[in-house]
$ cat upload17.csv   # CSV, C-alpha atoms and all ligand atoms
chain,number,residue,atom,x,y,z
A,525,MET,CA,72.0,109.7,121.5
A,526,ILE,CA,73.9,111.1,118.6
A,527,PRO,CA,74.0,114.9,118.5
A,528,GLY,CA,72.2,116.6,115.6
A,529,LYS,CA,73.8,116.9,112.1
A,530,SER,CA,77.0,118.8,112.2
A,531,ILE,CA,76.9,122.3,110.6
A,532,ASP,CA,80.5,121.9,109.5
A,533,PRO,CA,80.4,122.9,105.8
A,534,ARG,CA,82.4,119.8,104.9
A,535,SER,CA,79.5,117.6,105.9
A,536,PHE,CA,77.5,119.1,102.9
A,537,ALA,CA,80.3,118.2,100.4
A,538,ILE,CA,80.4,114.6,101.5
A,539,GLU,CA,77.2,113.3,99.7
A,540,ASP,CA,78.5,115.0,96.5
A,541,ARG,CA,81.8,113.3,96.8
A,542,LEU,CA,80.0,109.9,97.3
A,543,ALA,CA,77.3,110.5,94.6
A,544,GLY,CA,78.9,107.9,92.3
A,545,VAL,CA,79.2,105.2,95.0
A,546,SER,CA,76.3,102.7,94.8
A,547,ARG,CA,76.9,101.0,98.2
A,548,ILE,CA,78.8,102.0,101.3
A,549,VAL,CA,79.7,99.0,103.6
A,550,GLY,CA,81.2,99.7,107.1
A,551,VAL,CA,83.1,96.6,108.3
A,552,SER,CA,82.7,97.0,112.1
A,553,GLY,CA,82.6,94.9,115.2
A,554,SER,CA,83.4,95.2,118.8
A,555,LYS,CA,86.7,94.4,120.2
A,556,GLY,CA,89.9,95.1,118.4
A,557,GLY,CA,91.6,92.1,116.8
A,558,VAL,CA,88.4,90.3,115.5
A,559,GLY,CA,89.7,90.7,111.9
A,560,ARG,CA,88.0,93.8,110.5
A,561,SER,CA,91.1,94.8,108.6
A,562,ILE,CA,91.7,91.3,107.2
A,563,ILE,CA,88.1,91.0,106.1
A,564,SER,CA,87.9,94.5,104.7
A,565,SER,CA,91.0,94.2,102.6
A,566,THR,CA,90.4,90.6,101.4
A,567,LEU,CA,86.7,91.4,100.6
A,568,ALA,CA,87.8,94.5,98.6
A,569,LEU,CA,90.4,92.3,96.7
A,570,ALA,CA,87.8,89.5,96.1
A,571,LEU,CA,85.2,92.0,94.8
A,572,ALA,CA,87.8,93.7,92.5
A,573,ASP,CA,88.8,90.3,91.2
A,574,GLN,CA,85.1,89.7,90.4
A,575,GLY,CA,85.2,92.8,88.2
A,576,LYS,CA,83.5,95.2,90.6
A,577,ARG,CA,84.5,98.8,91.0
A,578,VAL,CA,85.7,98.8,94.6
A,579,GLY,CA,87.0,101.4,97.1
A,580,LEU,CA,88.7,100.7,100.4
A,581,PHE,CA,88.9,103.4,103.0
A,582,ASP,CA,90.9,102.6,106.2
A,583,LEU,CA,89.2,104.5,108.9
A,584,ASP,CA,91.2,103.1,111.8
A,585,PHE,CA,93.3,106.3,111.9
A,586,THR,CA,95.4,105.4,114.9
A,587,SER,CA,96.1,101.8,113.7
A,588,PRO,CA,95.7,101.6,109.9
A,589,SER,CA,96.4,98.1,108.6
A,590,ASP,CA,94.9,97.6,105.1
A,591,HIS,CA,98.1,98.8,103.4
A,592,VAL,CA,100.0,96.1,105.4
A,593,VAL,CA,97.5,93.4,104.5
A,594,LEU,CA,97.6,94.3,100.8
A,595,GLY,CA,101.3,95.1,100.7
A,596,VAL,CA,100.8,98.7,99.5
A,597,GLU,CA,103.7,101.1,100.0
A,598,ARG,CA,102.4,104.3,98.4
A,599,GLY,CA,103.1,107.8,99.5
A,600,PHE,CA,100.9,110.9,99.3
A,601,PRO,CA,98.0,110.6,96.8
A,602,ASP,CA,97.8,112.7,93.7
A,603,GLU,CA,95.7,115.8,94.2
A,604,GLU,CA,93.8,118.2,92.0
A,605,PHE,CA,90.5,119.6,93.2
A,606,GLY,CA,90.7,116.9,95.9
A,607,ILE,CA,92.7,113.7,96.3
A,608,ASP,CA,92.6,110.6,94.1
A,609,PRO,CA,92.7,107.3,95.9
A,610,HIS,CA,95.6,105.1,94.9
A,611,PHE,CA,94.6,102.3,92.5
A,612,VAL,CA,96.3,99.1,93.6
A,613,HIS,CA,95.4,95.5,92.9
A,614,GLY,CA,92.2,96.7,91.3
A,615,ILE,CA,91.1,98.6,94.4
A,616,HIS,CA,90.7,102.4,94.9
A,617,MET,CA,92.3,102.9,98.3
A,618,VAL,CA,92.8,105.6,100.9
A,619,SER,CA,94.5,105.2,104.2
A,620,VAL,CA,95.8,107.8,106.6
A,621,ALA,CA,99.1,105.8,106.4
A,622,PHE,CA,99.5,107.4,102.9
A,623,PHE,CA,99.8,110.8,104.5
A,624,THR,CA,101.7,109.9,107.7
A,625,GLY,CA,104.0,107.2,106.6
A,626,ASP,CA,105.4,105.3,109.6
A,627,THR,CA,104.6,108.1,112.1
A,628,ALA,CA,102.1,107.4,114.9
A,629,VAL,CA,98.9,109.4,114.7
A,630,PRO,CA,97.5,110.0,118.2
A,631,LEU,CA,94.0,111.5,117.7
A,632,ARG,CA,91.4,112.3,120.3
A,633,GLY,CA,87.7,113.3,120.0
A,634,ASP,CA,87.5,116.3,117.7
A,635,ALA,CA,90.7,115.6,115.9
A,636,ALA,CA,89.4,112.2,114.8
A,637,THR,CA,86.1,113.7,113.6
A,638,ASN,CA,88.1,116.4,111.8
A,639,ALA,CA,90.3,113.9,110.0
A,640,LEU,CA,87.2,111.9,109.0
A,641,LEU,CA,85.3,115.0,107.7
A,642,GLU,CA,88.4,116.2,105.8
A,643,LEU,CA,89.1,112.9,104.1
A,644,LEU,CA,85.5,112.3,103.2
A,645,ALA,CA,85.1,115.8,101.9
A,646,ILE,CA,88.3,115.8,99.7
A,647,THR,CA,88.5,112.3,98.3
A,648,ARG,CA,87.4,111.8,94.7
A,649,TRP,CA,86.0,108.2,94.8
A,650,GLY,CA,84.4,108.5,91.4
A,651,ASP,CA,82.0,105.7,90.3
A,652,LEU,CA,82.1,102.6,92.5
A,653,ASP,CA,79.9,99.6,93.0
A,654,VAL,CA,81.0,99.3,96.6
A,655,LEU,CA,83.0,101.4,99.0
A,656,VAL,CA,84.3,99.3,102.0
A,657,LEU,CA,85.1,101.2,105.2
A,658,ASP,CA,87.5,99.5,107.6
A,659,MET,CA,86.2,100.8,110.9
A,660,PRO,CA,88.1,101.2,114.2
A,661,PRO,CA,87.0,99.0,117.1
A,662,GLY,CA,84.1,99.8,119.4
A,663,LEU,CA,81.4,102.3,119.0
A,664,GLY,CA,83.4,105.5,119.6
A,665,ASP,CA,83.8,108.7,117.8
A,666,THR,CA,84.5,107.5,114.2
A,667,ASN,CA,81.8,104.8,114.2
A,668,LEU,CA,79.3,107.3,115.5
A,669,ASP,CA,80.5,110.0,113.1
A,670,VAL,CA,80.1,107.8,110.0
A,671,ILE,CA,76.6,106.7,111.1
A,672,GLN,CA,75.7,110.4,111.4
A,673,LEU,CA,77.5,111.6,108.2
A,674,LEU,CA,76.6,108.7,105.9
A,675,PRO,CA,72.9,107.8,106.0
A,676,ARG,CA,73.4,105.2,103.3
A,677,LEU,CA,75.9,103.2,105.3
A,678,GLU,CA,75.3,99.5,105.9
A,679,PHE,CA,77.2,97.7,108.6
A,680,LEU,CA,78.8,94.3,108.1
A,681,LEU,CA,79.7,93.1,111.7
A,682,ILE,CA,82.5,90.8,112.5
A,683,GLY,CA,82.6,88.6,115.6
A,684,ASN,CA,84.2,85.4,116.8
A,685,GLY,CA,83.3,82.7,119.2
A,686,SER,CA,85.2,84.1,122.2
A,687,LYS,CA,83.0,85.0,125.2
A,688,VAL,CA,84.5,88.4,125.5
A,689,VAL,CA,83.8,89.1,121.8
A,690,ILE,CA,80.2,87.7,121.9
A,691,ASP,CA,79.4,89.9,124.9
A,692,SER,CA,80.7,93.0,123.2
A,693,VAL,CA,79.1,92.3,119.8
A,694,ARG,CA,75.8,91.8,121.6
A,695,ARG,CA,76.0,95.3,123.0
A,696,GLY,CA,77.0,96.7,119.6
A,697,LEU,CA,74.0,95.0,117.9
A,698,ASP,CA,71.7,96.4,120.5
A,699,LEU,CA,73.0,99.9,120.0
A,700,LEU,CA,72.9,99.7,116.2
A,701,THR,CA,69.3,98.3,116.3
A,702,GLU,CA,68.3,101.2,118.7
A,703,LEU,CA,69.9,103.7,116.3
A,704,ASP,CA,68.1,102.1,113.4
A,705,VAL,CA,71.3,101.6,111.4
A,706,PRO,CA,71.0,99.2,108.5
A,707,MET,CA,72.9,96.0,109.1
A,708,ILE,CA,73.9,93.5,106.3
A,709,GLY,CA,74.5,90.9,109.0
A,710,LEU,CA,77.0,89.3,111.3
A,711,LEU,CA,80.0,87.4,109.9
A,712,GLU,CA,82.0,84.9,112.0
A,713,ASN,CA,85.7,85.1,111.7
A,714,MET,CA,88.4,82.7,112.9
A,715,HIS,CA,85.9,79.9,113.1
A,716,ARG,CA,87.2,76.7,114.7
A,717,GLY,CA,85.7,73.3,115.2
A,718,ASP,CA,81.9,73.3,115.8
A,719,GLU,CA,81.6,76.8,117.4
A,720,ARG,CA,78.1,78.1,117.0
A,721,ALA,CA,78.1,81.2,119.4
A,722,VAL,CA,78.2,83.8,116.6
A,723,GLU,CA,75.4,82.1,114.6
A,724,SER,CA,73.3,81.8,117.8
A,725,LEU,CA,73.8,85.5,118.6
A,726,ALA,CA,72.8,86.6,115.1
A,727,LEU,CA,69.6,84.5,115.4
A,728,ALA,CA,68.8,85.9,118.8
A,729,ALA,CA,69.4,89.4,117.6
A,730,GLY,CA,67.4,89.0,114.4
A,731,VAL,CA,70.2,89.9,112.0
A,732,PRO,CA,71.3,87.7,109.1
A,733,PHE,CA,74.1,85.3,109.8
A,734,LEU,CA,76.6,85.7,106.9
A,735,GLY,CA,78.6,82.5,107.5
A,736,SER,CA,82.0,81.7,108.9
A,737,VAL,CA,85.5,82.5,107.8
A,738,PRO,CA,87.8,79.8,109.1
A,739,TYR,CA,90.8,80.3,111.3
A,740,ASP,CA,93.7,80.2,108.9
A,741,ARG,CA,97.0,79.3,110.5
A,742,ASP,CA,98.9,80.2,107.3
A,743,LEU,CA,97.4,83.7,107.0
A,744,GLU,CA,100.3,85.5,108.6
A,745,ASP,CA,102.6,84.4,105.8
A,746,ALA,CA,100.1,85.7,103.2
A,747,LEU,CA,99.9,89.3,104.6
A,748,GLY,CA,101.5,91.8,102.3
A,749,ASP,CA,101.4,89.4,99.3
A,750,VAL,CA,98.1,89.5,97.4
A,751,ASP,CA,98.8,86.4,95.4
A,752,ARG,CA,99.1,84.4,98.6
A,753,LEU,CA,96.1,86.2,100.0
A,754,ARG,CA,94.1,85.1,97.0
A,755,ALA,CA,95.1,81.5,97.7
A,756,SER,CA,94.1,81.8,101.4
A,757,ALA,CA,91.0,80.3,103.1
A,758,VAL,CA,89.9,83.8,104.1
A,759,TYR,CA,89.8,84.9,100.5
A,760,SER,CA,87.7,81.9,99.5
A,761,ALA,CA,85.3,82.5,102.3
A,762,VAL,CA,84.6,86.3,101.8
A,763,GLY,CA,84.0,86.4,98.1
A,764,ASP,CA,80.2,86.0,98.4
A,765,VAL,CA,79.4,87.3,101.9
A,766,LEU,CA,77.9,90.5,100.5
A,767,PRO,CA,74.3,89.8,99.5
A,768,ALA,CA,73.2,91.7,96.4
B,1,LIG,N1,90.6,84.1,109.7
B,1,LIG,C1,91.7,84.4,110.3
B,1,LIG,N2,92.6,83.4,110.6
B,1,LIG,C2,93.8,83.6,111.2
B,1,LIG,N3,94.2,84.8,111.7
B,1,LIG,C3,93.4,85.9,111.5
B,1,LIG,C4,92.1,85.7,110.8
B,1,LIG,N4,91.5,86.9,110.8
B,1,LIG,C5,92.3,87.8,111.4
B,1,LIG,N5,93.5,87.2,111.8
B,1,LIG,C6,94.6,87.8,112.5
B,1,LIG,O1,94.1,88.4,113.7
B,1,LIG,C7,94.8,89.6,113.9
B,1,LIG,C8,93.8,90.8,114.0
B,1,LIG,O2,93.3,91.0,112.7
B,1,LIG,P1,92.9,92.4,112.2
B,1,LIG,O3,92.2,92.3,110.9
B,1,LIG,O4,94.0,93.4,112.4
B,1,LIG,O5,91.8,92.8,113.3
B,1,LIG,P2,91.0,94.2,113.6
B,1,LIG,O6,91.1,95.0,112.4
B,1,LIG,O7,89.6,93.8,113.9
B,1,LIG,O8,91.6,94.8,114.8
B,1,LIG,C9,95.8,89.8,112.8
B,1,LIG,O9,97.1,89.3,113.3
B,1,LIG,C10,95.3,88.9,111.7
B,1,LIG,O10,96.3,88.4,110.8
B,2,MG,MG,91.9,96.9,112.0

$ encode --input "upload17.csv" --output "structure tokens"
Amino acid sequence: MIPGKSIDPRSFAIEDRLAGVSRIVGVSGSKGGVGRSIISSTLALALADQGKRVGLFDLDFTSPSDHVVLGVERGFPDEEFGIDPHFVHGIHMVSVAFFTGDTAVPLRGDAATNALLELLAITRWGDLDVLVLDMPPGLGDTNLDVIQLLPRLEFLLIGNGSKVVIDSVRRGLDLLTELDVPMIGLLENMHRGDERAVESLALAAGVPFLGSVPYDRDLEDALGDVDRLRASAVYSAVGDVLPA
């Protein structure tokens, strides 16, 4: 289903660049708006607070959000023999927003693949315990490209109890199973009341259920302010979702 390995020379540089990274976790899901960016950013912050060496790479090129969640207003990264991620709130961070500022980035097909290859090939992540990839929605170009380019990638899937999300996550799980992509498990976000649909889906699909992040009505006010984010229900819930 995925075409053979690209012969783009940059694809050969990528493993070298990631040689010091112990674990690569792709935070993915189905629909937009399920909370991948919130979970990616907050997970990175929680892991950094636990003393882990953490990277955060915002791969939603057309709608990057992690810099907004974490309140990061940095410009172009330093470069020498590649680029150095910004180091903010204990997180080594790269976002296309650091290069483009407030400008919209319309990317189609090849251009999205090129941006991914380029950033993976030039970024000096150094030694990390975990690199968190905040993925764009769906299973389109960038998700398929990282599966192909990063054989060590493990997916952490985000869903919520809405019927439209459940239906879409089910399709995504089927495809990832068919492609034999390692999955850490399925995490429920925006949990309310006694919803059980995400847990049931994980059980039916045979993937670990990683628990529930509650719907947090105060989250909006915490965005952009890491101290408030640290005090949020989301932060408390994501600290231990990554099994060793
Ligand atoms: N647990 C939560 N409680 C309340 N609001 C949330 C929660 N998780 C995400 N949101 C909100 O939902 C919206 C979409 O989240 P986002 O992380 O941008 O989704 P995605 O990256 O999957 O498109 C944002 O407005 C975010 O603040
Ligand atoms: Mg997002």

$ atom_distance --input "upload17.csv" --atom1 "CA of Arg598 (chain A)" --atom2 "CA of Ile646 (chain A)"
18.2 Å

$ closest_residue --input "upload17.csv" --among "A:Thr701, A:Leu640, A:Leu569, A:Gly553" --to "Leu674 (chain A)" --atoms "all atoms listed in the file"
A:Leu640

$ closest_residue --input "upload17.csv" --among "A:Val592, A:Val578, A:Ala568, A:Val545" --to "ligand MG 2 (chain B)" --atoms "all atoms listed in the file"
A:Val592

$ closest_atom_pairs --input "upload17.csv" --of "chain A" --to "ligand MG 2 (chain B)" --cutoff "6 Å" --atoms "all atoms listed in the file" --output "CSV"
residue,atom,partner,partner_atom,distance
A:Arg560,CA,B:MG2,MG,5.2
A:Ser561,CA,B:MG2,MG,4.1
A:Ser589,CA,B:MG2,MG,5.8

$ closest_residue --input "upload17.csv" --among "A:Val758, A:Asp749, A:Ile708, A:Asn684" --to "Leu725 (chain A)" --atoms "only C-alpha atoms"
A:Asn684

$ closest_residue --input "upload17.csv" --among "A:Arg547, A:Arg720, A:Arg741, A:Arg754" --to "ligand LIG 1 (chain B)" --atoms "only C-alpha atoms and all ligand atoms"
A:Arg741

$ closest_residue --input "upload17.csv" --among "A:Gly614, A:Gly696, A:Gly730, A:Pro660" --to "Gly550 (chain A)" --atoms "only C-alpha atoms"
A:Pro660

$ residues_near_ligand --input "upload17.csv" --ligand "ligand LIG 1 (chain B)" --cutoff "10 Å" --atoms "only C-alpha atoms and all ligand atoms" --output "ChimeraX atom specification"
/A:551-566,582,584,587-590,592-593,658-662,682-684,712-716,736-747,756-759,761

$ atom_distance --input "upload17.csv" --atom1 "CA of Gly735 (chain A)" --atom2 "CA of Arg695 (chain A)"
20.3 Å

$ atom_distance --input "upload17.csv" --atom1 "CA of Ala726 (chain A)" --atom2 "CA of Leu710 (chain A)"
6.3 Å

$ residues_around --input "upload17.csv" --residues "Ile615 (chain A)" --least-positions-apart "5" --cutoff "9 Å" --atoms "all atoms listed in the file" --output "list in words"
Ala568, Leu569, Leu571, Ala572, Arg577, Val578, Gly579, Leu580, Pro609 and His610 of chain A

$ axis_aligned_box --input "upload17.csv" --around "region 535-541 of chain A" --padding-each-side "6 Å" --output "JSON"
{"center_x": 79.5, "center_y": 116.2, "center_z": 101.2, "size_x": 16.6, "size_y": 17.8, "size_z": 21.4}

$ closest_residue --input "upload17.csv" --among "A:Leu583, A:Val693, A:Ile607, A:Val549" --to "Ala639 (chain A)" --atoms "all atoms listed in the file"
A:Leu583

$ residues_around --input "upload17.csv" --residues "Ala628 (chain A)" --least-positions-apart "3" --cutoff "9 Å" --atoms "only C-alpha atoms" --output "number ranges by chain"
A: 586-587, 624-625
